[in-house]
>>> print(open('start-v4.txt').read())   # compact mmCIF, C-alpha atoms and all ligand atoms
# COMPACT_ATOMS: atom_id res chain seq x y z
CA MET E 1 7.59 23.84 -18.99
CA GLU E 2 9.35 21.05 -17.19
CA PRO E 3 8.86 17.54 -18.54
CA VAL E 4 6.86 15.10 -16.47
CA ARG E 5 9.20 12.92 -14.47
CA ILE E 6 9.03 9.19 -14.89
CA PRO E 7 9.82 7.30 -11.69
CA LYS E 8 13.03 5.35 -12.06
CA GLU E 9 12.07 2.68 -9.60
CA THR E 10 8.96 1.43 -7.92
CA TYR E 11 6.32 3.79 -6.65
CA TYR E 12 6.70 4.53 -3.02
CA VAL E 13 4.25 2.65 -0.83
CA PRO E 14 3.60 4.37 2.50
CA ARG E 15 4.66 2.27 5.46
CA GLU E 16 1.13 1.87 6.75
CA MET E 17 0.02 0.36 3.44
CA LYS E 18 2.68 -2.32 3.32
CA PRO E 19 1.76 -5.86 4.25
CA ALA E 20 3.43 -7.08 7.40
CA SER E 21 5.62 -9.48 5.44
CA LEU E 22 7.22 -6.56 3.62
CA MET E 23 7.86 -4.68 6.85
CA SER E 24 10.44 -7.23 7.85
CA TRP E 25 12.62 -6.88 4.81
CA SER E 26 16.01 -8.44 5.15
CA THR E 27 18.54 -6.06 6.54
CA LEU E 28 20.92 -6.29 3.63
CA VAL E 29 19.91 -6.81 0.06
CA VAL E 30 22.67 -6.96 -2.48
CA LEU E 31 21.59 -5.95 -5.93
CA VAL E 32 23.81 -6.52 -8.91
CA SER E 33 23.80 -3.68 -11.37
CA ILE E 34 25.17 -3.53 -14.86
CA SER E 35 26.49 -0.10 -15.67
CA ALA E 36 28.26 1.11 -18.78
CA GLY E 37 29.35 -2.40 -19.59
CA THR E 38 30.99 -2.86 -16.18
CA ALA E 39 29.49 -5.49 -13.91
CA HIS E 40 29.78 -4.62 -10.24
CA ALA E 41 27.79 -5.10 -7.08
CA ASP E 42 26.15 -2.04 -5.61
CA PRO E 43 24.99 -2.98 -2.13
CA THR E 44 21.63 -1.66 -1.01
CA LEU E 45 20.80 -1.06 2.64
CA ARG E 46 17.25 -0.52 3.85
CA ASP E 47 16.81 1.93 6.69
CA GLY E 48 14.43 1.76 9.63
CA ASN E 49 11.66 3.35 7.56
CA GLY E 50 12.00 0.73 4.80
CA HIS E 51 13.64 3.16 2.35
CA SER E 52 16.59 1.91 0.32
CA TRP E 53 20.07 3.35 -0.04
CA GLN E 54 21.98 1.85 -2.95
CA ILE E 55 25.65 2.64 -2.58
CA ASP E 56 27.76 3.08 -5.70
CA SER E 57 30.75 0.80 -5.24
CA ASP E 58 32.87 3.10 -7.41
CA ASP E 59 32.48 6.52 -5.80
CA GLY E 60 30.58 5.68 -2.61
CA GLY E 61 27.70 8.01 -3.50
CA ILE E 62 24.08 6.97 -3.47
CA ARG E 63 23.42 5.36 -6.79
CA ASN E 64 19.70 5.30 -6.18
CA GLY E 65 17.41 5.87 -3.27
CA THR E 66 13.82 4.84 -2.86
CA PRO E 67 11.88 7.06 -2.42
CA ASP E 68 13.81 8.76 -5.18
CA ALA E 69 16.53 10.84 -3.63
CA PHE E 70 20.17 11.85 -3.85
CA ASP E 71 20.81 9.87 -7.06
CA GLY E 72 24.52 10.07 -7.80
CA TRP E 73 25.18 12.20 -4.72
CA PRO E 74 27.47 12.83 -2.83
CA THR E 75 30.80 12.53 -4.58
CA LEU E 76 34.00 13.10 -2.61
CA CYS E 77 36.88 15.29 -3.71
CA ILE E 78 40.09 15.84 -1.74
CA THR E 79 42.86 18.16 -2.75
CA ASP E 80 45.97 19.63 -1.18
CA ASP E 81 45.57 22.69 -3.44
CA LEU E 82 44.16 25.03 -0.80
CA SER E 83 43.50 27.79 -3.35
CA PHE E 84 40.90 25.59 -4.97
CA ALA E 85 37.68 27.62 -5.39
CA PRO E 86 34.12 26.36 -4.89
CA THR E 87 33.29 27.29 -8.46
CA ASP E 88 36.14 25.11 -9.78
CA GLU E 89 35.24 21.62 -10.86
CA CYS E 90 37.18 18.94 -9.05
CA PRO E 91 40.04 17.65 -11.19
CA PHE E 92 39.74 13.96 -11.94
CA ASP E 93 42.87 13.23 -9.94
CA ASP E 94 41.27 14.67 -6.79
CA THR E 95 37.98 12.81 -7.10
CA TYR E 96 37.41 9.62 -5.15
CA ARG E 97 36.99 6.61 -7.46
CA THR E 98 37.65 2.98 -6.65
CA GLY E 99 37.46 1.50 -10.14
CA PHE E 100 34.44 -0.52 -8.96
CA THR E 101 36.40 -2.46 -6.37
CA GLU E 102 34.07 -4.53 -4.21
CA PRO E 103 33.20 -2.80 -0.93
CA THR E 104 33.26 -4.62 2.41
CA THR E 105 30.87 -4.28 5.32
CA GLY E 106 31.08 -3.42 9.01
CA LEU E 107 28.70 -2.88 11.95
CA ALA E 108 26.99 -6.25 11.48
CA GLY E 109 26.44 -5.64 7.80
CA ARG E 110 24.84 -2.23 8.32
CA GLU E 111 27.89 -0.27 7.14
CA ILE E 112 29.35 -0.22 3.63
CA ILE E 113 33.11 0.33 3.56
CA THR E 114 34.36 1.36 0.15
CA ALA E 115 37.83 0.54 -1.14
CA THR E 116 40.83 2.59 -0.05
CA VAL E 117 42.45 4.80 -2.68
CA SER E 118 45.30 7.32 -2.62
CA LEU E 119 44.33 11.00 -2.87
CA ALA E 120 46.49 14.01 -1.97
CA ASN E 121 49.07 11.72 -0.35
CA LEU E 122 46.42 10.26 1.95
CA ARG E 123 44.81 6.84 2.08
CA VAL E 124 41.09 7.50 1.74
CA HIS E 125 37.95 5.41 2.12
CA ARG E 126 34.27 6.06 2.81
CA ARG E 127 31.98 4.38 5.33
CA ILE E 128 28.20 4.56 4.94
CA TYR E 129 26.20 3.35 7.92
CA VAL E 130 22.44 2.80 7.53
CA PRO E 131 20.78 1.55 10.72
CA ASP E 132 17.38 -0.14 10.61
CA GLY E 133 15.95 0.65 14.04
CA PRO E 134 12.46 2.09 14.33
CA GLY E 135 12.23 5.57 12.84
CA GLN E 136 15.85 5.56 11.68
CA GLY E 137 15.50 6.93 8.15
CA TRP E 138 19.07 8.06 7.70
CA ALA E 139 22.56 7.27 6.53
CA ARG E 140 25.78 8.31 8.25
CA TYR E 141 28.64 9.15 5.94
CA MET E 142 32.17 9.04 7.25
CA GLU E 143 35.10 10.15 5.10
CA VAL E 144 38.23 8.54 6.50
CA LEU E 145 41.63 10.11 5.80
CA GLU E 146 44.71 8.16 6.87
CA ASN E 147 48.14 9.72 6.67
CA PRO E 148 50.82 7.07 6.17
CA ALA E 149 53.63 9.66 6.13
CA SER E 150 55.85 10.87 8.95
CA THR E 151 54.81 14.48 8.38
CA PRO E 152 51.34 16.07 8.71
CA THR E 153 49.31 16.81 5.58
CA THR E 154 46.73 19.59 5.17
CA VAL E 155 43.92 19.15 2.65
CA ARG E 156 40.61 20.57 1.54
CA LEU E 157 37.64 18.22 1.33
CA ARG E 158 34.55 18.66 -0.81
CA VAL E 159 31.35 16.67 -0.44
CA GLY E 160 28.56 16.80 -2.96
CA THR E 161 28.17 17.64 -6.59
CA VAL E 162 31.62 17.57 -8.14
CA SER E 163 31.07 18.48 -11.77
CA TYR E 164 27.43 18.18 -12.78
CA GLY E 165 23.88 18.17 -11.40
CA SER E 166 23.14 14.99 -9.55
CA LEU E 167 20.75 15.62 -6.71
CA ALA E 168 17.62 14.21 -8.28
CA THR E 169 15.31 15.05 -5.47
CA ILE E 170 15.31 18.76 -6.19
CA ASP E 171 15.14 18.76 -9.94
CA GLY E 172 12.12 19.65 -12.01
CA THR E 173 11.22 22.81 -10.15
CA GLY E 174 13.95 25.21 -11.25
CA SER E 175 14.50 26.20 -7.65
CA PHE E 176 16.23 24.91 -4.58
CA ASP E 177 14.03 25.34 -1.56
CA VAL E 178 15.36 25.14 1.96
CA LEU E 179 12.34 23.89 3.89
CA ALA E 180 13.81 23.89 7.39
CA SER E 181 17.23 24.68 8.78
CA SER E 182 19.25 24.99 11.94
CA ASP E 183 18.81 28.78 11.99
CA GLY E 184 15.20 28.79 10.77
CA GLY E 185 16.09 30.63 7.56
CA GLU E 186 15.73 29.69 3.92
CA ALA E 187 19.24 30.52 2.71
CA LEU E 188 22.23 28.22 2.48
CA HIS E 189 25.31 29.58 4.17
CA ARG E 190 28.29 28.23 6.02
CA GLY E 191 26.77 28.94 9.44
CA LEU E 192 24.15 26.23 8.98
CA TYR E 193 24.78 22.79 10.32
CA TRP E 194 21.57 21.15 9.13
CA PHE E 195 18.79 21.80 6.61
CA THR E 196 16.09 19.97 4.64
CA THR E 197 15.03 20.29 1.02
CA GLY E 198 13.12 18.37 -1.62
CA ILE E 199 9.85 18.18 -3.41
CA LEU E 200 6.87 16.01 -2.75
CA CYS E 201 5.82 15.06 -6.24
CA LEU E 202 2.67 12.99 -5.79
CA GLY E 203 3.08 9.74 -7.66
CA CYS E 204 6.73 10.18 -8.54
CA GLY E 205 8.07 8.79 -5.31
CA ASP E 206 10.23 11.76 -4.36
CA SER E 207 11.00 12.34 -0.73
CA THR E 208 12.05 15.15 1.48
CA VAL E 209 15.72 14.92 2.32
CA GLY E 210 17.85 16.35 5.08
CA PHE E 211 21.53 17.10 5.54
CA VAL E 212 23.51 17.41 8.76
CA MET E 213 26.88 18.74 7.71
CA ASP E 214 28.52 18.87 11.12
CA GLY E 215 27.88 19.11 14.83
CA PRO E 216 26.95 22.53 16.19
CA GLY E 217 29.98 22.57 18.48
CA GLY E 218 32.52 21.41 15.94
CA SER E 219 31.64 23.14 12.70
CA ARG E 220 34.41 23.10 10.14
CA LEU E 221 32.17 24.00 7.22
CA THR E 222 33.64 26.71 5.03
CA THR E 223 31.42 26.55 1.96
CA LEU E 224 27.79 25.52 1.45
CA GLU E 225 26.39 26.24 -2.02
CA ASN E 226 23.74 24.99 -4.36
CA ASP E 227 24.28 27.24 -7.38
CA VAL E 228 27.37 25.70 -8.97
CA PHE E 229 28.36 24.37 -12.38
CA GLY E 230 25.26 25.88 -14.00
CA TYR E 231 22.85 23.63 -12.08
CA PRO E 232 21.21 25.86 -9.47
CA SER E 233 18.43 23.38 -8.79
CA ARG E 234 20.45 20.20 -9.04
CA SER E 235 23.77 20.91 -7.43
CA LEU E 236 24.84 20.99 -3.82
CA LEU E 237 28.27 20.97 -2.31
CA TRP E 238 29.98 21.85 0.88
CA GLU E 239 33.61 21.94 1.89
CA TYR E 240 35.74 21.52 4.96
CA ASP E 241 38.96 23.48 4.63
CA ASP E 242 42.32 23.20 6.32
CA ILE E 243 41.98 19.66 7.53
CA THR E 244 45.32 18.64 8.97
CA VAL E 245 45.89 14.92 9.22
CA PRO E 246 48.66 14.22 11.73
CA ALA E 247 51.61 12.05 10.82
CA ARG E 248 50.47 8.40 10.84
CA GLY E 249 47.12 9.59 12.15
CA THR E 250 43.54 9.16 10.97
CA VAL E 251 40.98 11.94 10.64
CA ALA E 252 37.27 11.37 10.01
CA VAL E 253 34.62 13.77 8.70
CA VAL E 254 31.11 12.68 9.69
CA TYR E 255 27.78 13.89 8.30
CA PHE E 256 24.24 12.55 7.92
CA LEU E 257 21.62 12.32 5.21
CA THR E 258 17.93 11.69 5.88
CA HIS E 259 15.05 10.31 3.77
CA GLU E 260 11.54 11.12 4.88
CA VAL E 261 8.20 11.36 3.11
CA THR E 262 6.89 14.53 4.69
CA HIS E 263 8.52 17.90 5.28
CA GLN E 264 7.61 17.80 8.95
CA ARG E 265 9.13 14.40 9.60
CA ALA E 266 12.27 15.38 7.72
CA ALA E 267 12.72 18.50 9.81
CA VAL E 268 12.26 16.61 13.09
CA ALA E 269 14.53 13.72 12.06
CA THR E 270 17.26 15.98 10.72
CA GLU E 271 17.28 18.23 13.77
CA GLU E 272 17.47 15.19 16.04
CA LEU E 273 20.46 13.87 14.11
CA SER E 274 22.32 17.12 14.64
CA ARG E 275 22.49 16.21 18.33
CA ALA E 276 25.05 13.46 18.64
CA SER E 277 24.17 10.28 20.50
CA ILE E 278 25.68 6.91 21.18
CA THR E 279 23.36 5.63 18.43
CA THR E 280 24.34 8.11 15.74
CA MET E 281 28.04 7.86 16.59
CA ALA E 282 28.01 4.06 17.01
CA GLY E 283 30.98 2.09 15.80
CA ILE E 284 33.41 4.93 15.11
CA PRO E 285 36.87 3.60 16.01
CA GLU E 286 38.49 5.44 18.92
CA THR E 287 41.62 5.93 16.84
CA TYR E 288 39.68 8.18 14.45
CA GLN E 289 39.80 11.88 15.18
CA VAL E 290 36.35 13.20 14.18
CA ILE E 291 37.12 16.82 13.36
CA ASN E 292 33.68 18.27 12.64
CA TRP E 293 31.72 17.24 15.76
CA ASP E 294 32.22 18.53 19.27
CA SER E 295 28.78 17.99 20.73
CA PRO E 296 27.38 16.54 23.92
CA ILE E 297 26.82 12.82 23.46
CA CYS E 298 23.35 11.61 24.36
CA GLY E 299 23.62 8.29 26.15
CA ASP E 300 26.97 8.82 27.87
CA SER E 301 25.29 9.25 31.29
CA VAL E 302 26.54 12.84 31.52
CA LEU E 303 23.78 15.49 31.58
CA GLU E 304 25.02 18.22 29.26
CA ASP E 305 23.75 21.42 27.62
CA GLY E 306 20.82 20.71 25.32
CA GLU E 307 19.86 17.47 27.09
CA GLU E 308 16.74 17.18 29.28
CA CYS E 309 18.00 13.88 30.65
CA ASP E 310 20.70 11.29 29.97
CA ASP E 311 20.04 7.79 31.25
CA GLY E 312 23.12 6.27 29.68
CA ASN E 313 21.34 4.15 27.10
CA ALA E 314 19.98 4.29 23.56
CA ASP E 315 16.56 2.92 24.53
CA ARG E 316 13.89 5.07 22.91
CA ALA E 317 11.02 3.39 24.79
CA ASP E 318 11.91 4.44 28.32
CA ALA E 319 11.39 7.70 30.22
CA CYS E 320 14.50 9.33 28.72
CA THR E 321 14.46 8.87 24.95
CA ASP E 322 17.34 8.14 22.62
CA VAL E 323 17.69 11.87 21.93
CA CYS E 324 17.88 12.72 25.62
CA ARG E 325 14.42 14.26 25.84
CA ASN E 326 11.86 13.33 28.49
CA ALA E 327 9.32 10.95 26.92
CA THR E 328 6.14 12.69 25.76
CA CYS E 329 3.11 11.70 23.73
CA GLY E 330 3.76 12.97 20.22
CA ASP E 331 7.52 12.43 20.18
CA GLY E 332 7.19 9.47 17.79
CA ARG E 333 8.52 7.02 20.36
CA VAL E 334 6.30 4.55 22.20
CA TYR E 335 6.95 4.96 25.92
CA ALA E 336 6.58 1.31 26.85
CA ALA E 337 5.01 1.75 30.25
CA MET E 338 2.70 4.62 29.38
CA GLU E 339 1.72 4.70 25.70
CA GLU E 340 -0.03 2.22 23.39
CA CYS E 341 1.31 3.90 20.27
CA ASP E 342 2.98 7.13 19.14
CA ASP E 343 3.37 8.10 15.51
CA GLY E 344 4.45 11.64 16.26
CA MET E 345 2.81 14.20 14.01
CA ALA E 346 0.72 11.46 12.37
CA ASN E 347 -1.28 10.98 15.57
CA ALA E 348 -4.89 12.05 14.92
CA ASP E 349 -8.32 11.90 16.56
CA THR E 350 -10.42 12.15 13.38
CA ARG E 351 -8.65 9.73 11.01
CA ALA E 352 -9.32 5.99 10.81
CA ASP E 353 -6.70 3.64 12.24
CA ARG E 354 -4.41 6.41 13.46
CA CYS E 355 -2.77 6.47 16.83
CA ARG E 356 -4.81 8.99 18.85
CA THR E 357 -3.38 12.23 20.18
CA ASP E 358 -3.38 10.84 23.71
CA CYS E 359 -1.23 7.95 22.45
CA THR E 360 -3.97 5.36 22.76
CA ALA E 361 -4.60 2.92 19.92
CA PRO E 362 -7.67 3.27 17.69
CA ARG E 363 -10.57 1.38 19.29
CA CYS E 364 -14.34 0.91 19.39
CA GLY E 365 -15.64 3.90 21.30
CA ASP E 366 -13.26 6.57 20.05
CA GLY E 367 -15.88 8.03 17.69
CA VAL E 368 -13.97 7.15 14.50
CA VAL E 369 -14.94 4.22 12.25
CA ASP E 370 -11.73 2.19 12.13
CA THR E 371 -10.90 -0.98 10.22
CA GLY E 372 -13.11 -3.82 11.45
CA GLU E 373 -15.76 -1.47 12.77
CA GLY E 374 -19.12 -0.92 11.06
CA CYS E 375 -19.81 2.22 13.04
CA ASP E 376 -18.51 4.15 16.03
CA ASP E 377 -20.54 6.83 17.76
CA GLY E 378 -18.12 7.20 20.62
CA ALA E 379 -19.83 7.53 24.01
CA ALA E 380 -23.23 7.06 22.34
CA ASN E 381 -22.40 3.48 21.31
CA GLY E 382 -24.91 1.00 22.74
CA THR E 383 -27.41 3.64 23.89
CA GLY E 384 -30.10 2.32 21.52
CA ALA E 385 -32.39 4.41 19.34
CA GLY E 386 -30.36 3.77 16.22
CA ALA E 387 -27.02 4.39 17.85
CA CYS E 388 -24.05 2.24 17.01
CA PRO E 389 -23.99 -0.95 19.13
CA SER E 390 -21.49 -1.20 21.94
CA ASP E 391 -19.25 -3.56 19.95
CA CYS E 392 -19.16 -1.21 16.91
CA ALA E 393 -20.60 -3.96 14.69
CA GLU E 394 -22.76 -2.71 11.85
CA VAL E 395 -26.52 -3.17 12.47
CA GLY E 396 -27.69 -4.99 9.35
CA PRO E 397 -31.24 -5.09 7.88
CA SER E 398 -31.80 -8.74 8.82
CA THR E 399 -30.95 -8.14 12.46
CA SER E 400 -33.08 -5.04 12.80
CA GLU E 401 -35.81 -5.49 15.39
CA ASP E 402 -38.14 -2.83 14.02
CA GLY E 403 -39.24 -4.73 10.94
CA GLY E 404 -36.75 -3.19 8.56
CA ALA E 405 -37.09 0.49 9.32
CA PRO E 406 -33.83 2.25 8.39
CA SER E 407 -31.41 2.47 11.27
CA ALA E 408 -28.89 5.23 11.67
CA SER E 409 -26.13 2.72 10.97
CA ARG E 410 -27.70 1.50 7.74
CA ASP E 411 -28.06 5.03 6.52
CA ARG E 412 -24.30 5.17 6.36
CA GLY E 413 -24.42 2.78 3.44
CA GLY E 414 -21.54 0.78 4.84
CA CYS E 415 -19.00 3.40 3.81
CA ALA E 416 -15.93 3.51 5.98
CA VAL E 417 -16.02 7.27 6.32
CA GLU E 418 -13.72 8.68 8.89
CA SER E 419 -15.24 11.52 10.82
CA GLY E 420 -18.46 12.10 12.65
CA LYS E 421 -19.07 15.18 10.51
CA LEU E 422 -18.82 13.18 7.31
CA ARG E 423 -21.12 10.54 8.66
CA GLY E 424 -23.63 13.19 9.62
CA SER E 425 -23.66 14.70 6.14
CA ASN E 426 -24.06 11.25 4.57
CA ALA E 427 -27.12 10.58 6.67
CA PHE E 428 -28.46 14.02 5.83
CA LEU E 429 -28.21 13.59 2.06
CA PRO E 430 -31.17 11.23 1.40
CA VAL E 431 -33.37 13.30 3.73
CA ALA E 432 -32.46 16.49 1.85
CA LEU E 433 -33.14 14.85 -1.54
CA SER E 434 -36.50 13.57 -0.33
CA ALA E 435 -37.42 17.04 0.92
CA LEU E 436 -36.45 18.60 -2.41
CA PHE E 437 -38.49 15.97 -4.28
CA LEU E 438 -41.57 16.58 -2.13
CA PHE E 439 -41.09 20.37 -2.47
CA GLY E 440 -40.98 19.99 -6.27
CA LEU E 441 -44.13 17.82 -6.31
CA ARG E 442 -45.96 20.39 -4.22
CA ARG E 443 -44.95 23.26 -6.56
CA ARG E 444 -46.08 21.28 -9.62
CA HIS E 445 -49.34 20.48 -7.87
CA ARG E 446 -49.93 24.15 -7.00
CA SER E 447 -49.09 25.38 -10.49
CA ARG E 448 -51.84 23.24 -12.01
CA CA E 501 25.18 13.32 27.61
CA CA E 502 16.70 5.94 27.26
CA CA E 503 5.98 9.02 23.10
CA CA E 504 -13.07 3.43 16.45
>>> encode(input="start-v4.txt", output="structure tokens", more="lines below")
Ligand SMILES: [Ca+2]
Ligand SMILES: [Ca+2]
Ligand SMILES: [Ca+2]
Ligand SMILES: [Ca+2]
Amino acid sequence: MEPVRIPKETYYVPREMKPASLMSWSTLVVLVSISAGTAHADPTLRDGNGHSWQIDSDDGGIRNGTPDAFDGWPTLCITDDLSFAPTDECPFDDTYRTGFTEPTTGLAGREIITATVSLANLRVHRRIYVPDGPGQGWARYMEVLENPASTPTTVRLRVGTVSYGSLATIDGTGSFDVLASSDGGEALHRGLYWFTTGILCLGCGDSTVGFVMDGPGGSRLTTLENDVFGYPSRSLLWEYDDITVPARGTVAVVYFLTHEVTHQRAAVATEELSRASITTMAGIPETYQVINWDSPICGDSVLEDGEECDDGNADRADACTDVCRNATCGDGRVYAAMEECDDGMANADTRADRCRTDCTAPRCGDGVVDTGEGCDDGAANGTGAGACPSDCAEVGPSTSEDGGAPSASRDRGGCAVESGKLRGSNAFLPVALSALFLFGLRRRHRSR
């Protein structure tokens, strides 16, 4: 039996439960960590969903994520030994380590740039970009390989678990479950370009995570495995082989990681990231040759395969969204001129305080008792005869005009129940108990 996991950090608080003051967290929080006697700063970026990404200043991996995810992952290994096998552990000399040199930042503080080190005759650094726009629960990793020599160099690049299990989000279950993927299957293989995995462990703060290894038109993936180094449920690596860095040129390998708190949101967010846009590819220097993406760019004003529209911007609130889809209710983006709200798959017509499935905000008259409402009978509000008043205010005993006879609203006992069905059963309960009591009295009377 697996031991119960103890959360390493704070419990995850769903976005809708956070006070407004916490929703505007500062964009960059630098936490100082003490590790193995070495003091170093590990910068933490918070994404657009309020989740944190703490970047290890030594290897550029994610030291910790909240909700708990990725811990210690991904490490980078680069070798010019092209016979290197996926089952081989990366030699220390091929593994990216900075010696805890302080990272710098780019993209207005949203990108962590780790120190440059020499590996396989290349100058190597990592860039981790975490935007904080609405719904942006992701990090973009960019491995940058600069060739200072006058001759080209060909290398093999590994991302992920290098020598031991370190993908905390999928531990504890003994299995590695692919929840959604670019081909709809549940197996990892080199033909995939995105997938999601993870467990939702209630109370432990784990999240569902997604991986976009490369763009569908530019795949260079040659290995994608999770069963390595004896850690089938805690290891994950992939490789890009035969990467030739031109003389005095710079090559970049770009991939994305997502944090979400439901499987459905993770699948949607990860699939959307697999389609490149001016937002997801922001800030990549033109001198970098990105070798694993060859996709249409959403936002370049050119209507291409896979795009319903392209209005040349990254605005997600207009008629053509930031993923080049025509705006619809349910796409998780508030179409400014047409919708009051849109929480995507969280839209609901029977839950309190949710955005409704027609993208209108919860209100008095929608038939659901929302915060601030004592009752809500929908179209029956204000029709009298015990119905909820037209302003959805609770009808209290002192304001009753019938001398204190129970009103339908009072029968609800003031409980903020969510659906009409639940309210109906609440009102029915005292009646049923009274009937049973009277029935029992009658039987006792007859039996005498
Ligand atoms: Ca386009
Ligand atoms: Ca737009
Ligand atoms: Ca919408
Ligand atoms: Ca309501």
>>> residues_near_ligand(input="start-v4.txt", ligand="ligand CA 501 (chain E)", cutoff="8 Å", atoms="all atoms listed in the file", output="MDAnalysis selection string")
chainID E and resid 277 296:304 307 309:310 312 324
>>> write_last_selection(input="start-v4.txt", atoms="C-alpha atoms", output="compact mmCIF listing (two decimals), in the frame of the given file")
# COMPACT_ATOMS: atom_id res chain seq x y z
CA SER E 277 24.17 10.28 20.50
CA PRO E 296 27.38 16.54 23.92
CA ILE E 297 26.82 12.82 23.46
CA CYS E 298 23.35 11.61 24.36
CA GLY E 299 23.62 8.29 26.15
CA ASP E 300 26.97 8.82 27.87
CA SER E 301 25.29 9.25 31.29
CA VAL E 302 26.54 12.84 31.52
CA LEU E 303 23.78 15.49 31.58
CA GLU E 304 25.02 18.22 29.26
CA GLU E 307 19.86 17.47 27.09
CA CYS E 309 18.00 13.88 30.65
CA ASP E 310 20.70 11.29 29.97
CA GLY E 312 23.12 6.27 29.68
CA CYS E 324 17.88 12.72 25.62
>>> residues_near_ligand(input="start-v4.txt", ligand="ligand CA 503 (chain E)", cutoff="10 Å", atoms="all atoms listed in the file", output="MDAnalysis selection string")
chainID E and resid 316:319 321 326:336 338:344 358:359
>>> closest_residue(input="start-v4.txt", among="E:Glu394, E:Asp353, E:Asp71, E:Glu111", to="ligand CA 504 (chain E)", atoms="only C-alpha atoms and all ligand atoms")
E:Asp353
>>> residues_around(input="start-v4.txt", residues="E:Asp94", least_positions_apart="5", cutoff="10 Å", atoms="only C-alpha atoms", output="JSON, numbers by chain")
{"E": [76, 77, 78, 79, 80, 81, 118, 119, 120, 157, 158]}
>>> residues_around(input="start-v4.txt", residues="E:Glu373", least_positions_apart="2", cutoff="7 Å", atoms="all atoms listed in the file", output="PyMOL selection string")
chain E and resi 369-371+375+392-393
>>> residues_near_ligand(input="start-v4.txt", ligand="ligand CA 504 (chain E)", cutoff="10 Å", atoms="all atoms listed in the file", output="PyMOL selection string")
chain E and resi 349-354+361-378+391-392+418
>>> closest_atom_pairs(input="start-v4.txt", of="stretch 101-203 of chain E", to="stretch 54-61 of chain E", cutoff="7 Å", atoms="all atoms listed in the file", output="Markdown table")
| residue | atom | partner | partner_atom | distance |
| --- | --- | --- | --- | --- |
| E:Thr101 | CA | E:Ser57 | CA | 6.6 |
| E:Glu102 | CA | E:Ser57 | CA | 6.4 |
| E:Pro103 | CA | E:Ser57 | CA | 6.1 |
| E:Thr114 | CA | E:Gly60 | CA | 6.4 |
| E:Arg126 | CA | E:Gly60 | CA | 6.6 |
>>> decode(input="start-v4.txt", residues="stretch 89-113 of chain E", atoms="C-alpha atoms", output="PDB file, in the first residue's frame")
ATOM      1  CA  GLU E  89      21.702   7.615 -17.515  1.00  0.00           C
ATOM      2  CA  CYS E  90      23.112  10.955 -18.545  1.00  0.00           C
ATOM      3  CA  PRO E  91      26.781  11.236 -17.573  1.00  0.00           C
ATOM      4  CA  PHE E  92      27.420  14.087 -15.178  1.00  0.00           C
ATOM      5  CA  ASP E  93      29.505  15.891 -17.779  1.00  0.00           C
ATOM      6  CA  ASP E  94      26.529  16.032 -20.153  1.00  0.00           C
ATOM      7  CA  THR E  95      24.017  17.307 -17.613  1.00  0.00           C
ATOM      8  CA  TYR E  96      23.221  20.995 -17.415  1.00  0.00           C
ATOM      9  CA  ARG E  97      24.296  22.488 -14.065  1.00  0.00           C
ATOM     10  CA  THR E  98      25.146  26.099 -13.330  1.00  0.00           C
ATOM     11  CA  GLY E  99      26.666  25.708  -9.877  1.00  0.00           C
ATOM     12  CA  PHE E 100      23.808  27.846  -8.535  1.00  0.00           C
ATOM     13  CA  THR E 101      24.794  30.909 -10.515  1.00  0.00           C
ATOM     14  CA  GLU E 102      22.157  33.611 -10.197  1.00  0.00           C
ATOM     15  CA  PRO E 103      19.728  33.621 -13.138  1.00  0.00           C
ATOM     16  CA  THR E 104      18.686  36.813 -14.909  1.00  0.00           C
ATOM     17  CA  THR E 105      15.277  37.764 -16.257  1.00  0.00           C
ATOM     18  CA  GLY E 106      13.789  38.797 -19.586  1.00  0.00           C
ATOM     19  CA  LEU E 107      10.346  39.587 -21.047  1.00  0.00           C
ATOM     20  CA  ALA E 108       9.567  42.199 -18.389  1.00  0.00           C
ATOM     21  CA  GLY E 109      10.504  39.857 -15.586  1.00  0.00           C
ATOM     22  CA  ARG E 110       8.301  37.021 -16.832  1.00  0.00           C
ATOM     23  CA  GLU E 111      11.205  34.939 -18.167  1.00  0.00           C
ATOM     24  CA  ILE E 112      13.960  33.305 -16.122  1.00  0.00           C
ATOM     25  CA  ILE E 113      17.261  33.029 -17.995  1.00  0.00           C
TER      26      ILE E 113
END
